Number of protein chains: 2
Amino acid sequence: MARLVMKFGGTSVANVERIRNVARHVRREVAAGHEVAVVVSAMSGKTNELVGWARETARFHDAREYDAIVASGEQVTAGLLAIALQDMSIDARSWLGWQIPIRTDAQHGAARITAIEADELDRRLSSGQVAVVAGFQGLGPDNRIATLGRGGSDTSAVAMAAALKADRCDIYTDVDGVYTTDPRVEPKARRMAKIAFEEMLELASQGAKVLQVRSVELAMVHGVRTFVRSSFEDPDAPGMDDFDNPPGTLICDEDEIVEQEVVTGIAYAKDEAQISLRRLSDRPGVSAAVFGPLAEAFINVDMIVQNTSEDGSRTDMTFTVPAADLDKAVGVLERGKPEMGFDVVQSETGLCKVSVIGIGMRSHTGVAATAFRALAEKGINIKAITTSEIKISFLIDGPYAELAVRTLHGVYGLDKTV
Amino acid sequence: MARLVMKFGGTSVANVERIRNVARHVRREVAAGHEVAVVVSAMSGKTNELVGWARETARFHDAREYDAIVASGEQVTAGLLAIALQDMSIDARSWLGWQIPIRTDAQHGAARITAIEADELDRRLSSGQVAVVAGFQGLGPDNRIATLGRGGSDTSAVAMAAALKADRCDIYTDVDGVYTTDPRVEPKARRMAKIAFEEMLELASQGAKVLQVRSVELAMVHGVRTFVRSSFEDPDAPGMDDFDNPPGTLICDEDEIVEQEVVTGIAYAKDEAQISLRRLSDRPGVSAAVFGPLAEAFINVDMIVQNTSEDGSRTDMTFTVPAADLDKAVGVLERGKPEMGFDVVQSETGLCKVSVIGIGMRSHTGVAATAFRALAEKGINIKAITTSEIKISFLIDGPYAELAVRTLHGVYGLDKTV
């Protein structure tokens with residue numbers, strides 16, 4: 001007997017029929033004797049409808065009102081799933097963020113969970129009742145509904161698993177696990193049985209969409225074993241009830257992974273833009289002068305490359321931002337020019353960032369050299385490189401994205417053995 | 001300066017454009033210096049969508065889950081209206097039932113308000129903030145959302161007006177007031193400037209759909225002056241800002257009505273069915289034996305006619321039920337036959353109840369006689385009659401309904417003077 005948090009996203013609860021299917025997944029685990037809390041998203045399309053109304057009402061709107069409006073989507077799904085479970089003679093009830101309560105900070109629209117008062121839930125799970133929790137929402141310090149930002153239901157689920165000391169958090173989604181790369185780009189991509197928290201964090205940060213970055217961070221911090229699996233498989237198919245080895249990908253501590261590959265995955269993010277500041281004055285504090293204003297404008301700066309200057313006075317600095325933020329970023333820089341002290345801003349769009357990720361890199365050398373060689377052989381020009389302990393990222397021209405992904409996937413031996 | 005509760009129903013907030021129109025009605029009152037709380041329903045169609053999903057999920061469902069699902073409709077409207085008001089630079093915020101809280105009893109799906117803790121709202125109104133309250137919902141003793149039953153937003157508004165000691169509760173709806181009878185049946189129907197609580201209660205109970213019966217009861221008990229007016233008129237048209245005499249109908253204490261008519265309105269309810277129990281044993285307690293089981297089956301019994309028996313042993317009893325409940329009622333009676341002691345149940349459908357209503361009847365005689373004569377002249381057969389202090393109801397054949405309404409409307413001098 002285990003305690004389980006099961007999370008179902010918007011496409012998994014898109015209509016009443018799918019909600020009934022979700023109920024069957026839950027029934028399977030309950031029948032196996034597990035204690036179950038379920039976290040649900042809004043029916044797919046509903047959140048967009050609600051956001052659309054808020055935007056139609058006023059271009060700029062109070063985030064607290066936005067939260068009250070948008071959180072209603074998960075409220076509906078939680079109630080419907082509780083009804084579907086009861087209809088299968090399973091003891092279940094819905095819980096809204098304010099009822100538990102899931103406490104958050106005051107950042108309406110992008111709140112962070114500060115505490116979950118899970119005592120009552122804990123008691124009910126122990127007594128065999130299934131808790132159906134509305135994801136994506138909590139209660140702010142102002143006693144008003146606060147939402148966690150888009151995709152926040154994953155975070156709700158992981159936080160709930162931590163608070164309830166669950167044995168595992170199963171994220172049911174429209175894919176059946178985490179792949180070595182995007183299977184739409186490289187059909188030879190393999191589903192991983194296990195991946196370490198750190199790797200998943202890099203994969204999610206570098207463009208893999210299967211899990212929200214914050215939920216992975218939270219899982220890593222609290223050591224929540226998180227399992228990615230498909231909600232579209234037959235809930236009662238053979239093997240689905242294998243608790244220790246169900247179909248999907250386990251995100252866990254690296255200690256749990258016996259045979260660690262050097263490289264475990266290739267991620268990519270399209271629509272990157274590059275900004276170069278030419279002849280930037282090379283003095284202490286110049287980075288703060290440049291990136292402070294960008295951060296204040298909520299622009300997410302990524303790969304930063306700065307060379308040492310030849311004469312110690314002027315240098316070039318290059319960094320990337322999402323293409324959608326480029327105009328805003330250039331505006332911020334132009335306004336800050338006197339303060340920052342550079343000659344000219346240059347920018348380029350249509351770029352792609354490809355990342356090679358693997359914990360094994362820590363103890364293996366030559367990983368970067370392998371990539372350089374492979375990309376060069378295909379005539380792919382590398383515009384910038386950044387590295388971390390377990391990741392190497394390359395900035396390349398957008399049209400080469402798929403070729404680069406497939407090349408790297410092959411060169412590190414990730415291809416499916418047929 | 002006055003304190004005002006304004007209530008807008010589903011058709012008045014059916015989309016974002018109409019919500020903006022509602023905001024203009026509110027702005028008019030705020031500009032005049034009034035303190036305003038607004039109570040809103042769900043966007044029209046939304047409640048039906050939510051109820052539909054709940055029913056699709058399970059034919060019989062937990063009323064507490066139903067409440068969590070259905071209350072989300074008003075939650076959305078309250079947030080959107082707050083945003084629309086803020087967009088007009090009006091200080092406003094939304095309030096959900098659990099936030100105020102509006103406390104209810106445990107009757108989920110048809111809860112009654114037990115208390116409104118309005119201190120914080122009171123403070124905010126005094127400071128000039130508009131409170132936008134989600135109608136139809138409160139917080140049950142189980143700390144879960146409880147809804148007041150269909151049409152409950154009127155009740156929310158009147159209860160809120162009582163708790164906030166508002167000077168008036170303005171119910172904005174898709175009609176522009178209360179008429180002497182249904183204008184679709186009698187084009188000569190006149191809009192009343194004022195109507196007494198008791199009369200409105202009878203009108204609403206007897207089939208006029210403009211206000212929910214419970215909201216009128218509550219207004220009468222708490223002496224809440226309630227005003228029915230149209231939300232579809234231009235919010236800034238001439239006269240709309242006339243606080244003491246706006247277009248619409250005031251429901252108030254009879255003392256406020258200077259020239260009280262003998263008869264103020266004619267109501268009708270179609271789709272009535274009549275049930276007769278033949279040769280019912282005429283003994284003490286027989287009524288309880290008949291009507292107890294019907295009440296337990298939630299069947300609303302209306303006109304009851306029982307004659308004294310000739311020999312003191314057997315009598316006939318006739319009463320009406322809504323046609324939709326007829327089969328259920330007959331079933332209950334057949335099962336109870338041994339206990340109740342009658343020979344046979346007879347029933348008839350396709351009937352209509354027409355009611356003549358007026359406080360003036362208390363002090364005037366001959367009101368019934370006038371009706372008998374007028375109906376007889378038109379060849380309308382009266383199948384049953386019941387009377388109260390301020391109402392006479394006639395049961396007639398359905399096809400004569402409109403003719404009876406027009407005849408009675410004319411004979412009591414209610415026709416519009418052209």
# chains A, B, ... in the order shown; residues from 1 in each chain; ligands from 1

call {"tool": "interface_residues", "arguments": {"of": "chain A", "to": "chain B", "cutoff": "9 Å", "atoms": "only C-alpha atoms", "output": "ChimeraX atom specification"}}
result
/A:15-17,19-20,50,53-54,56-62,64-73,75-84,86-87,93-96,99,143-144

call {"tool": "residues_around", "arguments": {"residues": "Ile382 in chain A", "least_positions_apart": "6", "cutoff": "9 Å", "atoms": "only C-alpha atoms", "output": "list in words"}}
result
Phe372, Leu375, Ala376, Phe394, Leu395, Ile396 and Asp397 of chain A

call {"tool": "residues_around", "arguments": {"residues": "range 332-336 of chain A", "least_positions_apart": "4", "cutoff": "8 Å", "atoms": "only C-alpha atoms", "output": "number ranges by chain"}}
result
A: 290, 293-294, 297, 328, 340, 345

call {"tool": "select_by_dssp", "arguments": {"residues": "range 57-285 of chain A", "states": "strand (DSSP E)", "output": "PyMOL selection string"}}
result
chain A and resi 92-95+102-104+113-116+130-134+137-139+145-147+168-173+194-196+226-230+249-252+265-281

call {"tool": "select_by_dssp", "arguments": {"residues": "range 16-248 of chain A", "states": "helix (DSSP H, G or I)", "output": "ChimeraX atom specification"}}
result
/A:16-31,46-57,63-70,72-87,119-126,152-163,197-205,213-222

call {"tool": "atom_distance", "arguments": {"atom1": "CA of Val213 in chain A", "atom2": "CA of Thr155 in chain A"}}
result
8.8 Å

call {"tool": "residues_around", "arguments": {"residues": "Ile100 in chain B", "least_positions_apart": "5", "cutoff": "10 Å", "atoms": "only C-alpha atoms", "output": "VMD selection string"}}
result
chain B and resid 95 116 to 121 133 138 to 139

call {"tool": "write_last_selection", "arguments": {"atoms": "N, CA and C atoms", "output": "PDB file, in the first residue's frame"}}
result
ATOM      1  N   TRP B  95     -16.406  39.736  -4.521  1.00  0.00           N
ATOM      2  CA  TRP B  95     -16.528  38.968  -3.277  1.00  0.00           C
ATOM      3  C   TRP B  95     -17.257  37.677  -3.566  1.00  0.00           C
ATOM      4  N   ILE B 116     -25.183  36.900   7.301  1.00  0.00           N
ATOM      5  CA  ILE B 116     -24.180  37.531   6.436  1.00  0.00           C
ATOM      6  C   ILE B 116     -23.273  38.362   7.328  1.00  0.00           C
ATOM      7  N   GLU B 117     -21.999  38.025   7.317  1.00  0.00           N
ATOM      8  CA  GLU B 117     -21.051  38.785   8.138  1.00  0.00           C
ATOM      9  C   GLU B 117     -20.539  39.958   7.314  1.00  0.00           C
ATOM     10  N   ALA B 118     -21.294  41.042   7.356  1.00  0.00           N
ATOM     11  CA  ALA B 118     -21.084  42.120   6.388  1.00  0.00           C
ATOM     12  C   ALA B 118     -20.225  43.268   6.908  1.00  0.00           C
ATOM     13  N   ASP B 119     -19.559  43.091   8.036  1.00  0.00           N
ATOM     14  CA  ASP B 119     -18.800  44.208   8.622  1.00  0.00           C
ATOM     15  C   ASP B 119     -17.747  44.771   7.672  1.00  0.00           C
ATOM     16  N   GLU B 120     -16.953  43.867   7.077  1.00  0.00           N
ATOM     17  CA  GLU B 120     -15.876  44.323   6.195  1.00  0.00           C
ATOM     18  C   GLU B 120     -16.459  45.006   4.952  1.00  0.00           C
ATOM     19  N   LEU B 121     -17.505  44.407   4.401  1.00  0.00           N
ATOM     20  CA  LEU B 121     -18.179  44.995   3.242  1.00  0.00           C
ATOM     21  C   LEU B 121     -18.717  46.376   3.588  1.00  0.00           C
ATOM     22  N   VAL B 133     -20.632  41.231  -5.679  1.00  0.00           N
ATOM     23  CA  VAL B 133     -20.858  39.995  -4.935  1.00  0.00           C
ATOM     24  C   VAL B 133     -21.386  38.916  -5.878  1.00  0.00           C
ATOM     25  N   GLY B 138     -23.267  30.724  -1.009  1.00  0.00           N
ATOM     26  CA  GLY B 138     -22.810  31.041   0.329  1.00  0.00           C
ATOM     27  C   GLY B 138     -21.876  29.942   0.805  1.00  0.00           C
ATOM     28  N   LEU B 139     -21.589  29.986   2.096  1.00  0.00           N
ATOM     29  CA  LEU B 139     -20.684  29.016   2.698  1.00  0.00           C
ATOM     30  C   LEU B 139     -21.476  28.171   3.694  1.00  0.00           C
TER      31      LEU B 139
END

call {"tool": "residues_around", "arguments": {"residues": "Ala163 in chain A", "least_positions_apart": "3", "cutoff": "12 Å", "atoms": "only C-alpha atoms", "output": "number ranges by chain"}}
result
A: 3-5, 37, 100-103, 113-122, 156-160, 166-169, 218-219, 222-224

call {"tool": "write_last_selection", "arguments": {"atoms": "N, CA, C and O atoms", "output": "CSV table (one decimal), in the first residue's frame"}}
result
chain,number,residue,atom,x,y,z
A,3,ARG,N,1.0,5.8,-0.8
A,3,ARG,CA,0.2,7.0,-1.0
A,3,ARG,C,0.6,7.7,-2.2
A,3,ARG,O,1.8,7.8,-2.5
A,4,LEU,N,-0.4,8.1,-3.0
A,4,LEU,CA,-0.1,8.5,-4.4
A,4,LEU,C,-0.8,9.8,-4.7
A,4,LEU,O,-2.0,10.0,-4.3
A,5,VAL,N,-0.1,10.7,-5.3
A,5,VAL,CA,-0.7,11.9,-5.9
A,5,VAL,C,-0.8,11.7,-7.4
A,5,VAL,O,0.2,11.3,-8.0
A,37,ALA,N,-4.6,11.1,-3.7
A,37,ALA,CA,-5.1,12.5,-3.9
A,37,ALA,C,-4.9,12.8,-5.4
A,37,ALA,O,-3.9,12.4,-6.0
A,100,ILE,N,-8.4,23.9,1.6
A,100,ILE,CA,-7.4,23.0,2.3
A,100,ILE,C,-6.7,23.7,3.5
A,100,ILE,O,-6.7,23.1,4.6
A,101,PRO,N,-6.2,24.9,3.5
A,101,PRO,CA,-5.9,25.7,2.4
A,101,PRO,C,-4.5,25.5,1.9
A,101,PRO,O,-3.6,25.1,2.7
A,102,ILE,N,-4.3,25.8,0.6
A,102,ILE,CA,-2.9,25.8,0.0
A,102,ILE,C,-2.6,27.3,0.1
A,102,ILE,O,-3.2,28.1,-0.6
A,103,ARG,N,-1.6,27.7,1.0
A,103,ARG,CA,-1.3,29.1,1.1
A,103,ARG,C,-0.3,29.5,0.1
A,103,ARG,O,0.7,28.8,-0.2
A,113,ILE,N,3.6,28.7,-3.8
A,113,ILE,CA,3.0,28.1,-2.7
A,113,ILE,C,3.9,28.3,-1.5
A,113,ILE,O,5.1,28.1,-1.6
A,114,THR,N,3.4,28.8,-0.3
A,114,THR,CA,4.2,28.9,0.8
A,114,THR,C,4.0,27.8,1.9
A,114,THR,O,4.9,27.5,2.6
A,115,ALA,N,2.8,27.3,1.9
A,115,ALA,CA,2.5,26.2,2.9
A,115,ALA,C,1.2,25.5,2.5
A,115,ALA,O,0.3,26.1,1.9
A,116,ILE,N,1.2,24.2,2.8
A,116,ILE,CA,-0.1,23.5,2.6
A,116,ILE,C,-0.5,22.9,3.9
A,116,ILE,O,0.3,22.2,4.5
A,117,GLU,N,-1.7,23.3,4.4
A,117,GLU,CA,-2.1,22.8,5.7
A,117,GLU,C,-2.9,21.5,5.4
A,117,GLU,O,-4.1,21.5,5.3
A,118,ALA,N,-2.1,20.4,5.4
A,118,ALA,CA,-2.7,19.2,4.8
A,118,ALA,C,-3.2,18.2,5.9
A,118,ALA,O,-3.5,17.0,5.6
A,119,ASP,N,-3.3,18.6,7.1
A,119,ASP,CA,-3.7,17.7,8.2
A,119,ASP,C,-5.0,17.0,7.9
A,119,ASP,O,-5.2,15.8,8.1
A,120,GLU,N,-6.0,17.8,7.5
A,120,GLU,CA,-7.4,17.2,7.3
A,120,GLU,C,-7.3,16.3,6.1
A,120,GLU,O,-7.9,15.2,6.2
A,121,LEU,N,-6.6,16.7,5.1
A,121,LEU,CA,-6.5,15.8,3.9
A,121,LEU,C,-5.8,14.5,4.3
A,121,LEU,O,-6.2,13.4,3.8
A,122,ASP,N,-4.8,14.7,5.0
A,122,ASP,CA,-4.0,13.5,5.5
A,122,ASP,C,-4.9,12.5,6.2
A,122,ASP,O,-4.9,11.3,5.9
A,156,SER,N,1.2,22.3,-8.3
A,156,SER,CA,0.2,22.0,-7.3
A,156,SER,C,0.4,20.5,-6.9
A,156,SER,O,0.4,20.2,-5.7
A,157,ALA,N,0.5,19.7,-7.9
A,157,ALA,CA,0.6,18.2,-7.6
A,157,ALA,C,1.9,17.8,-6.9
A,157,ALA,O,1.8,17.1,-5.9
A,158,VAL,N,3.0,18.4,-7.3
A,158,VAL,CA,4.2,18.1,-6.6
A,158,VAL,C,4.2,18.6,-5.2
A,158,VAL,O,4.7,17.9,-4.2
A,159,ALA,N,3.7,19.8,-5.0
A,159,ALA,CA,3.7,20.4,-3.7
A,159,ALA,C,2.8,19.6,-2.8
A,159,ALA,O,3.0,19.3,-1.6
A,160,MET,N,1.6,19.1,-3.4
A,160,MET,CA,0.7,18.3,-2.6
A,160,MET,C,1.4,17.0,-2.2
A,160,MET,O,1.2,16.5,-1.1
A,166,ALA,N,3.7,11.8,0.0
A,166,ALA,CA,3.3,10.7,-0.9
A,166,ALA,C,4.5,9.9,-1.4
A,166,ALA,O,5.6,10.5,-1.5
A,167,ASP,N,4.3,8.7,-1.7
A,167,ASP,CA,5.4,7.8,-2.2
A,167,ASP,C,5.8,8.3,-3.6
A,167,ASP,O,6.9,8.1,-4.1
A,168,ARG,N,4.8,8.8,-4.4
A,168,ARG,CA,5.1,9.2,-5.7
A,168,ARG,C,4.0,10.2,-6.2
A,168,ARG,O,2.9,10.2,-5.7
A,169,CYS,N,4.5,11.0,-7.2
A,169,CYS,CA,3.5,11.9,-7.8
A,169,CYS,C,3.4,11.5,-9.3
A,169,CYS,O,4.4,11.7,-10.0
A,218,LEU,N,10.7,22.0,-7.6
A,218,LEU,CA,10.0,21.6,-6.4
A,218,LEU,C,10.2,20.2,-6.1
A,218,LEU,O,10.5,19.8,-4.9
A,219,ALA,N,10.1,19.3,-7.1
A,219,ALA,CA,10.3,17.9,-6.9
A,219,ALA,C,11.7,17.6,-6.4
A,219,ALA,O,11.9,16.8,-5.6
A,222,HIS,N,12.3,18.8,-2.7
A,222,HIS,CA,11.6,17.9,-1.7
A,222,HIS,C,11.8,16.4,-2.0
A,222,HIS,O,11.2,15.6,-1.2
A,223,GLY,N,12.5,16.1,-3.0
A,223,GLY,CA,12.8,14.7,-3.3
A,223,GLY,C,11.5,13.9,-3.6
A,223,GLY,O,11.3,12.8,-3.3
A,224,VAL,N,10.6,14.6,-4.3
A,224,VAL,CA,9.3,13.9,-4.7
A,224,VAL,C,9.6,13.1,-6.0
A,224,VAL,O,9.8,13.7,-7.1

call {"tool": "atom_distance", "arguments": {"atom1": "CA of Gly398 in chain B", "atom2": "CA of Ile304 in chain B"}}
result
18.4 Å

call {"tool": "atom_distance", "arguments": {"atom1": "CA of Ile299 in chain A", "atom2": "CA of Ala324 in chain A"}}
result
9.8 Å

call {"tool": "closest_residue", "arguments": {"among": "B:Tyr172, B:Phe319, B:Phe298, B:Tyr268", "to": "Val356 in chain B", "atoms": "only C-alpha atoms"}}
result
B:Tyr268

call {"tool": "closest_residue", "arguments": {"among": "A:Asn307, A:Thr264, A:Thr320, A:Ser313", "to": "Arg283 in chain A", "atoms": "only C-alpha atoms"}}
result
A:Ser313

call {"tool": "closest_residue", "arguments": {"among": "A:Met317, A:Val301, A:Ala374, A:Ala288", "to": "His409 in chain A", "atoms": "only C-alpha atoms"}}
result
A:Ala374

call {"tool": "residues_around", "arguments": {"residues": "Val321 in chain A", "least_positions_apart": "5", "cutoff": "10 Å", "atoms": "only C-alpha atoms", "output": "ChimeraX atom specification"}}
result
/A:271-275,299-304,326,329,349

call {"tool": "residues_around", "arguments": {"residues": "Val405 in chain B", "least_positions_apart": "5", "cutoff": "10 Å", "atoms": "only C-alpha atoms", "output": "PyMOL selection string"}}
result
chain B and resi 181-182+185-186+265-268+353-356+375+400+410
